[in-house]
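Trainee: Handing over structure_26.cif, mmCIF, C-alpha atoms and all ligand atoms.
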```cif
data_data
loop_
_atom_site.label_atom_id
_atom_site.label_comp_id
_atom_site.auth_asym_id
_atom_site.auth_seq_id
_atom_site.Cartn_x
_atom_site.Cartn_y
_atom_site.Cartn_z
CA MET A 1 94.66 -22.15 37.15
CA ASN A 2 92.82 -20.58 40.09
CA TYR A 3 91.01 -23.03 42.34
CA ARG A 4 90.15 -20.59 45.12
CA VAL A 5 87.09 -18.48 45.79
CA ASN A 6 86.92 -14.99 44.23
CA GLU A 7 85.78 -11.78 45.95
CA ASN A 8 82.17 -12.43 44.88
CA GLY A 9 82.07 -15.85 46.48
CA TYR A 10 82.45 -17.88 43.27
CA TYR A 11 84.70 -20.75 42.23
CA GLY A 12 84.62 -20.34 38.47
CA ASP A 13 80.94 -20.71 37.55
CA PHE A 14 79.90 -22.09 40.93
CA GLY A 15 79.12 -20.80 44.40
CA GLY A 16 77.52 -17.46 45.28
CA ALA A 17 74.72 -16.89 47.79
CA TYR A 18 71.23 -17.67 46.43
CA ILE A 19 69.20 -16.90 49.53
CA PRO A 20 65.88 -15.28 50.46
CA GLU A 21 66.22 -11.55 51.07
CA MET A 22 65.36 -12.04 54.75
CA LEU A 23 68.66 -13.92 55.21
CA TYR A 24 70.86 -11.16 53.74
CA PRO A 25 71.72 -9.53 57.11
CA ASN A 26 72.85 -12.86 58.66
CA ILE A 27 74.98 -13.84 55.68
CA GLU A 28 76.41 -10.32 55.30
CA GLN A 29 77.48 -10.22 58.96
CA LEU A 30 79.17 -13.61 58.66
CA LYS A 31 80.85 -12.76 55.36
CA ASN A 32 82.13 -9.40 56.62
CA GLU A 33 83.45 -10.64 59.94
CA TYR A 34 84.60 -14.26 59.76
CA LEU A 35 87.97 -13.78 58.03
CA ASN A 36 88.90 -11.01 60.42
CA ILE A 37 87.87 -13.03 63.49
CA ILE A 38 89.69 -16.23 62.52
CA ALA A 39 92.87 -14.26 61.80
CA GLN A 40 92.97 -12.90 65.38
CA PRO A 41 95.61 -14.41 67.71
CA ASP A 42 93.04 -15.23 70.42
CA PHE A 43 90.87 -17.15 67.94
CA LYS A 44 93.86 -19.09 66.64
CA ALA A 45 95.12 -19.87 70.14
CA GLU A 46 91.76 -21.26 71.25
CA TYR A 47 91.17 -23.20 67.99
CA GLU A 48 94.61 -24.81 68.21
CA ASP A 49 94.20 -25.58 71.93
CA LEU A 50 90.82 -27.29 71.40
CA LEU A 51 92.03 -29.23 68.36
CA LYS A 52 94.99 -30.51 70.37
CA ASN A 53 93.49 -31.13 73.80
CA TYR A 54 89.82 -31.79 73.06
CA VAL A 55 89.76 -33.32 69.57
CA GLY A 56 93.12 -35.09 69.94
CA ARG A 57 95.01 -33.60 66.98
CA PRO A 58 97.27 -33.95 65.15
CA SER A 59 95.66 -37.13 63.87
CA PRO A 60 98.29 -39.72 62.91
CA LEU A 61 99.44 -40.33 59.35
CA TYR A 62 99.79 -44.10 59.37
CA LEU A 63 101.72 -46.20 56.83
CA ALA A 64 99.40 -49.18 56.37
CA LYS A 65 101.96 -51.92 55.69
CA ARG A 66 99.72 -54.87 54.87
CA LEU A 67 97.42 -52.75 52.73
CA SER A 68 100.51 -51.36 50.97
CA GLU A 69 101.76 -54.89 50.28
CA LYS A 70 98.43 -55.88 48.78
CA TYR A 71 98.31 -52.96 46.35
CA GLY A 72 102.05 -52.56 45.66
CA ALA A 73 102.44 -48.93 46.74
CA LYS A 74 103.14 -46.98 49.94
CA ILE A 75 99.69 -46.31 51.33
CA TYR A 76 99.26 -43.83 54.17
CA LEU A 77 96.00 -43.34 56.08
CA LYS A 78 95.19 -39.91 57.52
CA ARG A 79 93.45 -41.03 60.70
CA GLU A 80 90.49 -38.65 61.13
CA ASP A 81 88.69 -41.68 62.60
CA LEU A 82 90.71 -41.16 65.78
CA ASN A 83 89.27 -37.69 66.45
CA HIS A 84 86.88 -37.16 69.37
CA THR A 85 83.39 -38.17 68.11
CA GLY A 86 84.98 -40.40 65.49
CA ALA A 87 85.21 -38.32 62.31
CA HIS A 88 86.49 -35.12 60.69
CA LYS A 89 83.25 -33.17 61.27
CA ILE A 90 84.42 -31.95 64.69
CA ASN A 91 87.22 -29.85 63.07
CA ASN A 92 84.54 -27.66 61.52
CA THR A 93 82.15 -27.46 64.48
CA VAL A 94 84.98 -26.50 66.86
CA GLY A 95 85.95 -23.66 64.50
CA GLN A 96 82.39 -22.46 64.04
CA ILE A 97 81.50 -22.55 67.77
CA ILE A 98 84.44 -20.28 68.65
CA LEU A 99 83.42 -18.00 65.78
CA ALA A 100 79.80 -17.94 66.99
CA GLU A 101 80.94 -16.94 70.47
CA LYS A 102 83.10 -14.12 69.08
CA LEU A 103 80.09 -12.93 67.04
CA GLY A 104 78.16 -12.71 70.31
CA LYS A 105 75.71 -15.51 69.43
CA LYS A 106 73.94 -17.34 72.28
CA ARG A 107 72.08 -20.01 70.35
CA ILE A 108 73.21 -22.57 67.77
CA ILE A 109 71.11 -24.31 65.12
CA ALA A 110 72.07 -27.01 62.64
CA GLU A 111 70.50 -29.46 60.22
CA THR A 112 71.47 -33.09 60.15
CA GLY A 113 70.70 -36.08 57.93
CA ALA A 114 72.25 -39.20 59.42
CA GLY A 115 72.93 -37.34 62.65
CA GLN A 116 76.74 -37.19 62.47
CA HIS A 117 76.84 -33.42 62.02
CA GLY A 118 74.11 -33.04 64.66
CA VAL A 119 76.26 -34.96 67.12
CA ALA A 120 79.38 -32.92 66.27
CA THR A 121 77.35 -29.72 66.79
CA ALA A 122 75.71 -30.87 70.05
CA THR A 123 79.19 -31.79 71.29
CA VAL A 124 80.69 -28.32 70.87
CA CYS A 125 77.53 -26.66 72.24
CA ALA A 126 77.89 -28.72 75.42
CA LEU A 127 81.57 -27.78 75.50
CA LYS A 128 80.63 -24.08 75.42
CA GLY A 129 77.33 -24.21 77.32
CA LEU A 130 75.38 -22.78 74.36
CA GLU A 131 71.76 -23.59 73.53
CA CYS A 132 71.60 -26.13 70.68
CA VAL A 133 68.67 -26.86 68.37
CA ILE A 134 69.05 -29.59 65.73
CA TYR A 135 66.60 -29.98 62.84
CA MET A 136 66.29 -33.53 61.56
CA GLY A 137 63.81 -35.20 59.20
CA GLU A 138 61.19 -37.31 60.96
CA VAL A 139 62.21 -40.33 58.86
CA ASP A 140 65.89 -39.84 59.76
CA ILE A 141 65.06 -39.53 63.47
CA GLU A 142 63.57 -43.00 63.29
CA ARG A 143 66.44 -44.45 61.21
CA GLN A 144 69.23 -42.94 63.35
CA ALA A 145 67.99 -43.40 66.90
CA PRO A 146 71.46 -43.77 68.54
CA ASN A 147 72.61 -40.39 67.17
CA VAL A 148 69.37 -38.75 68.35
CA ALA A 149 70.05 -40.18 71.81
CA ARG A 150 73.62 -38.84 71.75
CA MET A 151 72.43 -35.33 70.86
CA LYS A 152 69.78 -35.37 73.61
CA MET A 153 72.26 -36.66 76.16
CA MET A 154 74.51 -33.67 75.44
CA GLY A 155 71.61 -31.29 75.99
CA ALA A 156 70.46 -30.57 72.44
CA THR A 157 66.83 -30.17 71.40
CA VAL A 158 66.03 -32.27 68.32
CA ILE A 159 63.14 -30.90 66.25
CA PRO A 160 61.58 -33.21 63.63
CA ALA A 161 61.05 -31.84 60.10
CA THR A 162 57.68 -33.19 59.04
CA SER A 163 57.25 -31.73 55.54
CA GLY A 164 58.17 -33.21 52.13
CA SER A 165 60.15 -36.44 52.26
CA LYS A 166 60.92 -35.76 55.98
CA THR A 167 64.69 -36.07 55.36
CA LEU A 168 67.76 -33.81 55.10
CA LYS A 169 66.40 -31.34 52.54
CA ASP A 170 63.36 -30.65 54.72
CA ALA A 171 65.50 -30.30 57.85
CA THR A 172 67.62 -27.73 55.99
CA ASN A 173 64.51 -25.73 55.08
CA GLU A 174 63.39 -25.72 58.73
CA ALA A 175 66.84 -24.58 59.91
CA MET A 176 66.82 -21.72 57.34
CA ARG A 177 63.37 -20.66 58.56
CA ASP A 178 64.59 -20.65 62.17
CA TRP A 179 67.59 -18.49 61.23
CA ILE A 180 65.39 -15.98 59.40
CA ASN A 181 63.28 -15.65 62.56
CA ASN A 182 66.27 -15.39 64.93
CA PRO A 183 68.89 -13.36 63.07
CA VAL A 184 70.45 -11.59 66.05
CA ASP A 185 71.19 -14.23 68.67
CA THR A 186 71.56 -17.39 66.52
CA HIS A 187 74.42 -18.90 64.47
CA TYR A 188 73.69 -21.62 61.91
CA ILE A 189 76.44 -24.27 61.75
CA ILE A 190 76.46 -25.91 58.31
CA GLY A 191 78.24 -29.26 58.29
CA SER A 192 79.90 -29.51 54.88
CA VAL A 193 81.40 -27.31 52.13
CA VAL A 194 77.90 -26.46 50.92
CA GLY A 195 75.40 -23.63 51.39
CA PRO A 196 75.64 -19.94 50.50
CA HIS A 197 78.98 -18.12 50.43
CA PRO A 198 80.92 -17.84 52.77
CA TYR A 199 80.06 -21.29 54.19
CA PRO A 200 81.89 -23.47 51.62
CA GLU A 201 85.04 -21.38 52.01
CA MET A 202 84.81 -21.18 55.79
CA VAL A 203 84.24 -24.92 56.26
CA SER A 204 87.11 -25.77 53.88
CA LEU A 205 89.40 -23.49 55.89
CA PHE A 206 88.48 -25.25 59.14
CA GLN A 207 88.99 -28.66 57.50
CA SER A 208 92.26 -27.64 55.83
CA ILE A 209 94.04 -28.64 59.05
CA ILE A 210 93.89 -32.19 57.57
CA SER A 211 96.23 -31.44 54.65
CA GLU A 212 98.30 -28.96 56.68
CA GLU A 213 99.21 -31.74 59.11
CA THR A 214 99.59 -34.32 56.33
CA LYS A 215 102.27 -32.26 54.57
CA LYS A 216 104.34 -31.96 57.75
CA GLN A 217 103.91 -35.67 58.49
CA LEU A 218 104.91 -36.64 54.95
CA ILE A 219 108.13 -34.62 55.28
CA GLU A 220 108.91 -36.40 58.56
CA GLN A 221 108.10 -39.86 57.22
CA THR A 222 109.14 -39.71 53.55
CA GLY A 223 111.20 -36.53 53.17
CA ASN A 224 108.81 -35.20 50.51
CA ASP A 225 105.54 -33.34 51.08
CA GLN A 226 104.18 -34.24 47.63
CA PRO A 227 102.65 -37.73 47.38
CA ASP A 228 101.69 -39.23 44.03
CA TYR A 229 98.00 -39.58 44.88
CA VAL A 230 95.59 -38.16 47.45
CA LEU A 231 92.18 -39.83 47.84
CA ALA A 232 89.04 -38.94 49.79
CA CYS A 233 85.32 -39.68 49.71
CA VAL A 234 82.75 -36.99 48.85
CA GLY A 235 79.29 -36.45 50.28
CA GLY A 236 79.01 -32.66 50.38
CA GLY A 237 82.78 -32.68 50.16
CA SER A 238 84.26 -31.35 53.42
CA ASN A 239 86.74 -34.09 54.32
CA ALA A 240 87.88 -34.14 50.67
CA MET A 241 88.32 -30.34 50.57
CA GLY A 242 90.29 -30.48 53.84
CA MET A 243 92.43 -33.32 52.49
CA PHE A 244 93.01 -31.60 49.11
CA TYR A 245 93.35 -28.01 50.33
CA HIS A 246 97.13 -27.64 50.58
CA PHE A 247 97.73 -29.91 47.57
CA LEU A 248 95.56 -27.99 45.08
CA ASP A 249 98.46 -26.00 43.65
CA ASP A 250 100.85 -28.99 43.60
CA GLU A 251 99.87 -29.90 40.06
CA ASN A 252 101.87 -33.14 40.02
CA VAL A 253 99.85 -34.53 42.96
CA ARG A 254 96.87 -36.43 41.55
CA LEU A 255 93.69 -35.79 43.52
CA ILE A 256 90.90 -38.37 43.44
CA ALA A 257 87.43 -38.00 44.96
CA ALA A 258 85.17 -41.03 45.44
CA GLU A 259 81.43 -40.58 45.21
CA ALA A 260 78.76 -43.09 46.19
CA ALA A 261 77.31 -44.96 43.21
CA GLY A 262 74.87 -46.78 45.51
CA LEU A 263 73.42 -49.75 43.62
CA GLY A 264 75.09 -48.48 40.41
CA VAL A 265 75.33 -45.13 38.63
CA ASN A 266 72.41 -45.91 36.32
CA SER A 267 70.32 -47.91 38.78
CA GLY A 268 68.18 -44.98 39.92
CA HIS A 269 69.57 -45.57 43.43
CA SER A 270 72.77 -43.57 43.55
CA ALA A 271 74.44 -40.39 44.79
CA ALA A 272 77.04 -40.04 42.00
CA THR A 273 76.57 -36.30 41.48
CA SER A 274 79.56 -35.68 39.20
CA VAL A 275 78.15 -38.14 36.63
CA LEU A 276 74.42 -37.59 37.08
CA GLY A 277 74.38 -33.97 38.23
CA LYS A 278 73.46 -30.89 36.25
CA GLU A 279 74.19 -27.27 37.08
CA GLY A 280 71.63 -25.63 39.31
CA VAL A 281 71.04 -24.09 42.72
CA LEU A 282 71.01 -26.24 45.87
CA HIS A 283 71.06 -25.03 49.50
CA GLY A 284 71.89 -21.48 48.48
CA SER A 285 74.73 -22.00 46.02
CA ARG A 286 75.17 -22.68 42.31
CA THR A 287 76.64 -26.14 41.94
CA LEU A 288 76.16 -29.61 40.44
CA LEU A 289 73.11 -31.48 41.72
CA MET A 290 70.97 -34.44 40.78
CA GLN A 291 67.70 -33.08 39.42
CA THR A 292 64.89 -34.01 37.07
CA ASP A 293 64.41 -32.21 33.72
CA ASP A 294 62.03 -29.77 35.40
CA GLY A 295 64.47 -29.03 38.22
CA GLN A 296 63.14 -31.20 41.06
CA VAL A 297 65.89 -32.50 43.33
CA VAL A 298 66.27 -36.28 42.95
CA GLU A 299 66.38 -38.26 46.22
CA PRO A 300 69.89 -39.67 46.48
CA TYR A 301 70.73 -43.15 47.73
CA SER A 302 73.83 -44.71 49.27
CA ILE A 303 74.34 -47.42 51.89
CA SER A 304 76.46 -44.84 53.74
CA ALA A 305 74.27 -42.14 55.25
CA GLY A 306 77.05 -39.53 55.08
CA LEU A 307 77.35 -39.72 51.28
CA ASP A 308 73.60 -39.73 50.70
CA TYR A 309 73.47 -36.12 49.42
CA PRO A 310 72.05 -34.91 46.06
CA GLY A 311 74.82 -32.37 45.32
CA ILE A 312 78.47 -31.53 45.90
CA GLY A 313 79.92 -28.28 47.22
CA PRO A 314 80.54 -25.52 44.64
CA GLN A 315 84.34 -25.79 44.84
CA HIS A 316 84.06 -29.47 43.93
CA ALA A 317 81.82 -28.57 40.99
CA HIS A 318 84.58 -26.22 39.84
CA LEU A 319 87.43 -28.70 40.44
CA HIS A 320 85.43 -31.24 38.44
CA LYS A 321 84.79 -28.86 35.57
CA VAL A 322 88.44 -27.75 35.27
CA LYS A 323 89.55 -31.38 35.79
CA ARG A 324 91.91 -30.66 38.71
CA VAL A 325 90.27 -33.48 40.66
CA GLU A 326 89.22 -36.81 39.18
CA TYR A 327 85.78 -37.88 40.42
CA VAL A 328 85.18 -41.63 40.52
CA ASN A 329 82.23 -43.64 41.75
CA ILE A 330 82.07 -46.64 44.03
CA THR A 331 79.09 -48.95 44.59
CA ASP A 332 77.70 -50.04 47.96
CA ASN A 333 79.18 -53.49 47.50
CA GLU A 334 82.65 -52.21 46.55
CA ALA A 335 82.68 -50.00 49.65
CA MET A 336 81.47 -52.81 51.92
CA GLN A 337 84.19 -55.17 50.64
CA ALA A 338 86.81 -52.45 51.19
CA SER A 339 85.55 -52.00 54.79
CA LEU A 340 86.04 -55.70 55.44
CA LEU A 341 89.47 -55.72 53.81
CA LEU A 342 90.82 -52.83 55.91
CA SER A 343 89.41 -54.42 59.06
CA LYS A 344 91.14 -57.76 58.31
CA LEU A 345 94.45 -56.34 57.03
CA GLU A 346 95.01 -53.48 59.45
CA GLY A 347 92.67 -53.93 62.42
CA ILE A 348 90.92 -50.67 61.53
CA ILE A 349 87.15 -50.70 60.96
CA PRO A 350 86.43 -47.68 58.75
CA ALA A 351 83.23 -45.69 58.33
CA ILE A 352 81.44 -46.91 55.18
CA GLU A 353 81.87 -43.37 53.80
CA SER A 354 85.68 -43.58 54.09
CA ALA A 355 85.65 -47.09 52.59
CA HIS A 356 84.47 -45.55 49.29
CA ALA A 357 87.92 -43.94 48.99
CA LEU A 358 89.65 -47.20 49.97
CA ALA A 359 87.69 -49.14 47.34
CA GLN A 360 89.20 -47.02 44.57
CA LEU A 361 92.57 -48.74 45.22
CA GLU A 362 91.17 -51.88 43.54
CA LYS A 363 90.84 -49.93 40.29
CA MET A 364 94.33 -48.44 40.22
CA THR A 365 97.81 -49.77 39.41
CA PHE A 366 100.93 -48.42 41.08
CA LYS A 367 104.67 -48.35 40.78
CA PRO A 368 106.25 -49.77 43.97
CA ASP A 369 107.62 -46.47 45.28
CA GLU A 370 104.51 -44.44 44.69
CA VAL A 371 103.05 -42.71 47.75
CA VAL A 372 99.29 -42.67 48.26
CA VAL A 373 97.47 -40.76 51.01
CA ILE A 374 93.88 -41.67 51.84
CA CYS A 375 91.64 -39.68 54.16
CA LEU A 376 90.09 -42.10 56.64
CA SER A 377 87.30 -39.65 57.41
CA GLY A 378 85.65 -41.67 60.19
CA ARG A 379 85.44 -44.87 62.19
CA GLY A 380 82.98 -47.68 61.57
CA ASP A 381 81.43 -48.02 65.02
CA LYS A 382 78.32 -46.15 63.88
CA ASP A 383 77.94 -48.61 60.97
CA LEU A 384 78.03 -51.82 62.97
CA ASP A 385 74.34 -52.54 62.40
CA THR A 386 74.83 -52.24 58.64
CA PHE A 387 77.94 -54.47 58.73
CA MET A 388 76.09 -57.10 60.81
CA LYS A 389 73.20 -57.29 58.35
CA TYR A 390 75.37 -57.13 55.21
CA PHE A 391 77.96 -59.72 56.25
CA LYS A 392 75.54 -61.76 58.44
CA LEU A 393 77.94 -61.41 61.41
C1 LIG B 1 79.60 -36.85 57.05
C2 LIG B 1 80.68 -37.77 56.69
C3 LIG B 1 81.23 -37.80 55.38
C4 LIG B 1 80.70 -36.98 54.25
O1 LIG B 1 80.77 -35.59 54.42
P1 LIG B 1 81.81 -34.70 53.63
O2 LIG B 1 81.36 -33.31 53.90
O3 LIG B 1 81.73 -35.08 52.19
O4 LIG B 1 83.15 -35.00 54.19
C5 LIG B 1 82.30 -38.65 55.13
N1 LIG B 1 82.80 -39.46 56.08
C6 LIG B 1 82.29 -39.48 57.34
C7 LIG B 1 82.90 -40.40 58.34
C8 LIG B 1 81.22 -38.64 57.68
O5 LIG B 1 80.73 -38.67 58.93
#
```
Kindly return the structure encoded in the file as structure tokens.
Ligand SMILES: *Cc1c(COP(=O)(O)O)cnc(C)c1O
Mentor:
Amino acid sequence: MNYRVNENGYYGDFGGAYIPEMLYPNIEQLKNEYLNIIAQPDFKAEYEDLLKNYVGRPSPLYLAKRLSEKYGAKIYLKREDLNHTGAHKINNTVGQIILAEKLGKKRIIAETGAGQHGVATATVCALKGLECVIYMGEVDIERQAPNVARMKMMGATVIPATSGSKTLKDATNEAMRDWINNPVDTHYIIGSVVGPHPYPEMVSLFQSIISEETKKQLIEQTGNDQPDYVLACVGGGSNAMGMFYHFLDDENVRLIAAEAAGLGVNSGHSAATSVLGKEGVLHGSRTLLMQTDDGQVVEPYSISAGLDYPGIGPQHAHLHKVKRVEYVNITDNEAMQASLLLSKLEGIIPAIESAHALAQLEKMTFKPDEVVVICLSGRGDKDLDTFMKYFKL
């Protein structure tokens, strides 16, 4: 079975570049040049140097002993929460900022929902001294004030999107419009494995460092680079694609992706795309998305802002369809309980997003020697307000 992108930018039935004609030149330039640029020795040297000395990689692979005891398996956490800025998103923005520089771009734009991708983008723009413009829904700007402050502190301009529901989808539209008007000097950094080809492929390549390191660390720690299970949470799907990347062809490794069920899959307040989604076009690619019968995008809901997305990346849609990855769904409450459990058992407060993957452990049974790897995509500092309200701390 082929799980990779083909020469036309498709993963099976999904992917492609469904974009307005005015964006063709930008996307063509990126598509024609990115593979060549990232294969150059000077690109690789700088990417590796920044990952090591700025981001703090390799991130540890940690055998969580008390968690392992509780579930009766050997459970390893891939500690993306220890990266600079507290999540995996920086792996992608570091890659794309070096690429933008090599493409001769002077100005960076991005869209952000909860602000995590906006912060990761503002960070690398400050690092490189490049102009940074972040589009963010007016409603999200109000809900995520600390992240807006972080972006501003690092020199970014945050522009509110005031149309529609004033959230992520509207911010994305504004960013697209900006890129159409500034095709020569501007690079658009997309934050997950979504958007028109080549973005899903490019972002998964930059995130694939997660599974590349994990394989080496598994050899060191267990003598075998093939665990029994690999788990990750899915919003757009970038930490999961990075975590799965080098395991896709190891057919005996079971891959599990946890989506946010919100208040319940059938509650009308959910982001469980693999169950509720239908095939369609979202953000420039053919994929699975939550939509009404007449094709309107349904507003997603999850307690974790990072999983609150109405679709999944096209490669995930393909992996779901061909059943290489099992997609499961986890409610707000299950994820919150898993956050508390990890905090108490291991002294690690996870992002609520990552806790969706942890919560799946409750629903599985293991043989004692089985090896499980979970991507701990981010740390929970940003979620403290939510924890305080939920647990009345
Ligand atoms: C943004 C985010 C996610 C969801 O994005 P993916 O592209 O699906 O990885 C998950 N975890 C954390 C900590 C995030 O910040």
Trainee: Using all atoms listed in the file, which residues sit within 6 Å of region 236-246 of chain A once same-chain residues fewer than 2 positions away are excluded, as a PDB file with C-alpha atoms, in the coordinates of the input?
Mentor:
```
ATOM      1  CA  SER A 192      79.900 -29.510  54.880  1.00  0.00           C
ATOM      2  CA  VAL A 193      81.400 -27.310  52.130  1.00  0.00           C
ATOM      3  CA  SER A 204      87.110 -25.770  53.880  1.00  0.00           C
ATOM      4  CA  GLN A 207      88.990 -28.660  57.500  1.00  0.00           C
ATOM      5  CA  SER A 208      92.260 -27.640  55.830  1.00  0.00           C
ATOM      6  CA  ILE A 210      93.890 -32.190  57.570  1.00  0.00           C
ATOM      7  CA  SER A 211      96.230 -31.440  54.650  1.00  0.00           C
ATOM      8  CA  ALA A 232      89.040 -38.940  49.790  1.00  0.00           C
ATOM      9  CA  VAL A 234      82.750 -36.990  48.850  1.00  0.00           C
ATOM     10  CA  LEU A 248      95.560 -27.990  45.080  1.00  0.00           C
ATOM     11  CA  ILE A 312      78.470 -31.530  45.900  1.00  0.00           C
ATOM     12  CA  GLY A 313      79.920 -28.280  47.220  1.00  0.00           C
TER      13      GLY A 313
END
```
Trainee: So the first atom is CA of Met364 (chain A) and the second is CA of Ala338 (chain A); what is the distance between them in Å, to one decimal place?
Mentor: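 Separation between CA of Met364 (chain A) and CA of Ala338 (chain A): 13.9 Å.
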Trainee: Using all atoms listed in the file, which of the listed residues (A:Ala355, A:Val203, A:Ala17, A:Ile374) sits closest to His283 (chain A)?
Mentor: A:Ala17
Trainee: I'd like the interatomic distance between CA of Val373 (chain A) and CA of His316 (chain A), to a tenth of an Å.
Mentor: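 So the two atoms, CA of Val373 (chain A) and CA of His316 (chain A), lie 18.9 Å apart.
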Trainee: Around (76.9, -38.4, 54.1) in the file's frame, which residues reach within 9 Å when counting only C-alpha atoms? Return as a PDB file with C-alpha atoms, keeping the file's coordinate frame?
Mentor:
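Done, and the output landed in selection_1.pdb:
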```
ATOM      1  CA  GLY A 113      70.700 -36.080  57.930  1.00  0.00           C
ATOM      2  CA  ALA A 114      72.250 -39.200  59.420  1.00  0.00           C
ATOM      3  CA  GLN A 116      76.740 -37.190  62.470  1.00  0.00           C
ATOM      4  CA  VAL A 234      82.750 -36.990  48.850  1.00  0.00           C
ATOM      5  CA  GLY A 235      79.290 -36.450  50.280  1.00  0.00           C
ATOM      6  CA  GLY A 236      79.010 -32.660  50.380  1.00  0.00           C
ATOM      7  CA  SER A 302      73.830 -44.710  49.270  1.00  0.00           C
ATOM      8  CA  SER A 304      76.460 -44.840  53.740  1.00  0.00           C
ATOM      9  CA  ALA A 305      74.270 -42.140  55.250  1.00  0.00           C
ATOM     10  CA  GLY A 306      77.050 -39.530  55.080  1.00  0.00           C
ATOM     11  CA  LEU A 307      77.350 -39.720  51.280  1.00  0.00           C
ATOM     12  CA  ASP A 308      73.600 -39.730  50.700  1.00  0.00           C
ATOM     13  CA  TYR A 309      73.470 -36.120  49.420  1.00  0.00           C
ATOM     14  CA  GLU A 353      81.870 -43.370  53.800  1.00  0.00           C
TER      15      GLU A 353
END
```
Trainee: Return the single residue from A:Val371, A:Val119, A:Ala145, A:Met151 that is closest to ligand LIG 1 (chain B), with distances computed using all atoms listed in the file.
Mentor: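 Residue with the minimum atom-to-atom distance to ligand LIG 1 (chain B): A:Val119.
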Trainee: Counting all atoms listed in the file, what is within 6 Å of Ala257 (chain A), bar same-chain residues fewer than 2 positions away, as a PyMOL selection string?
Mentor: chain A and resi 231-233+327
Trainee: Got a sec: who's within 10 Å of Leu358 (chain A), counting all atoms listed in the file, leaving out chain neighbours fewer than 4 positions off, as number ranges by chain?
Mentor: A: 67, 77, 231-233, 258, 330, 334-335, 337-339, 341-342, 350, 352-354, 362, 374-376
Trainee: In Å, how far is it from CA of Leu282 (chain A) to CA of Gly137 (chain A)?
Mentor: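 Separating CA of Leu282 (chain A) from CA of Gly137 (chain A) is a distance of 17.6 Å.
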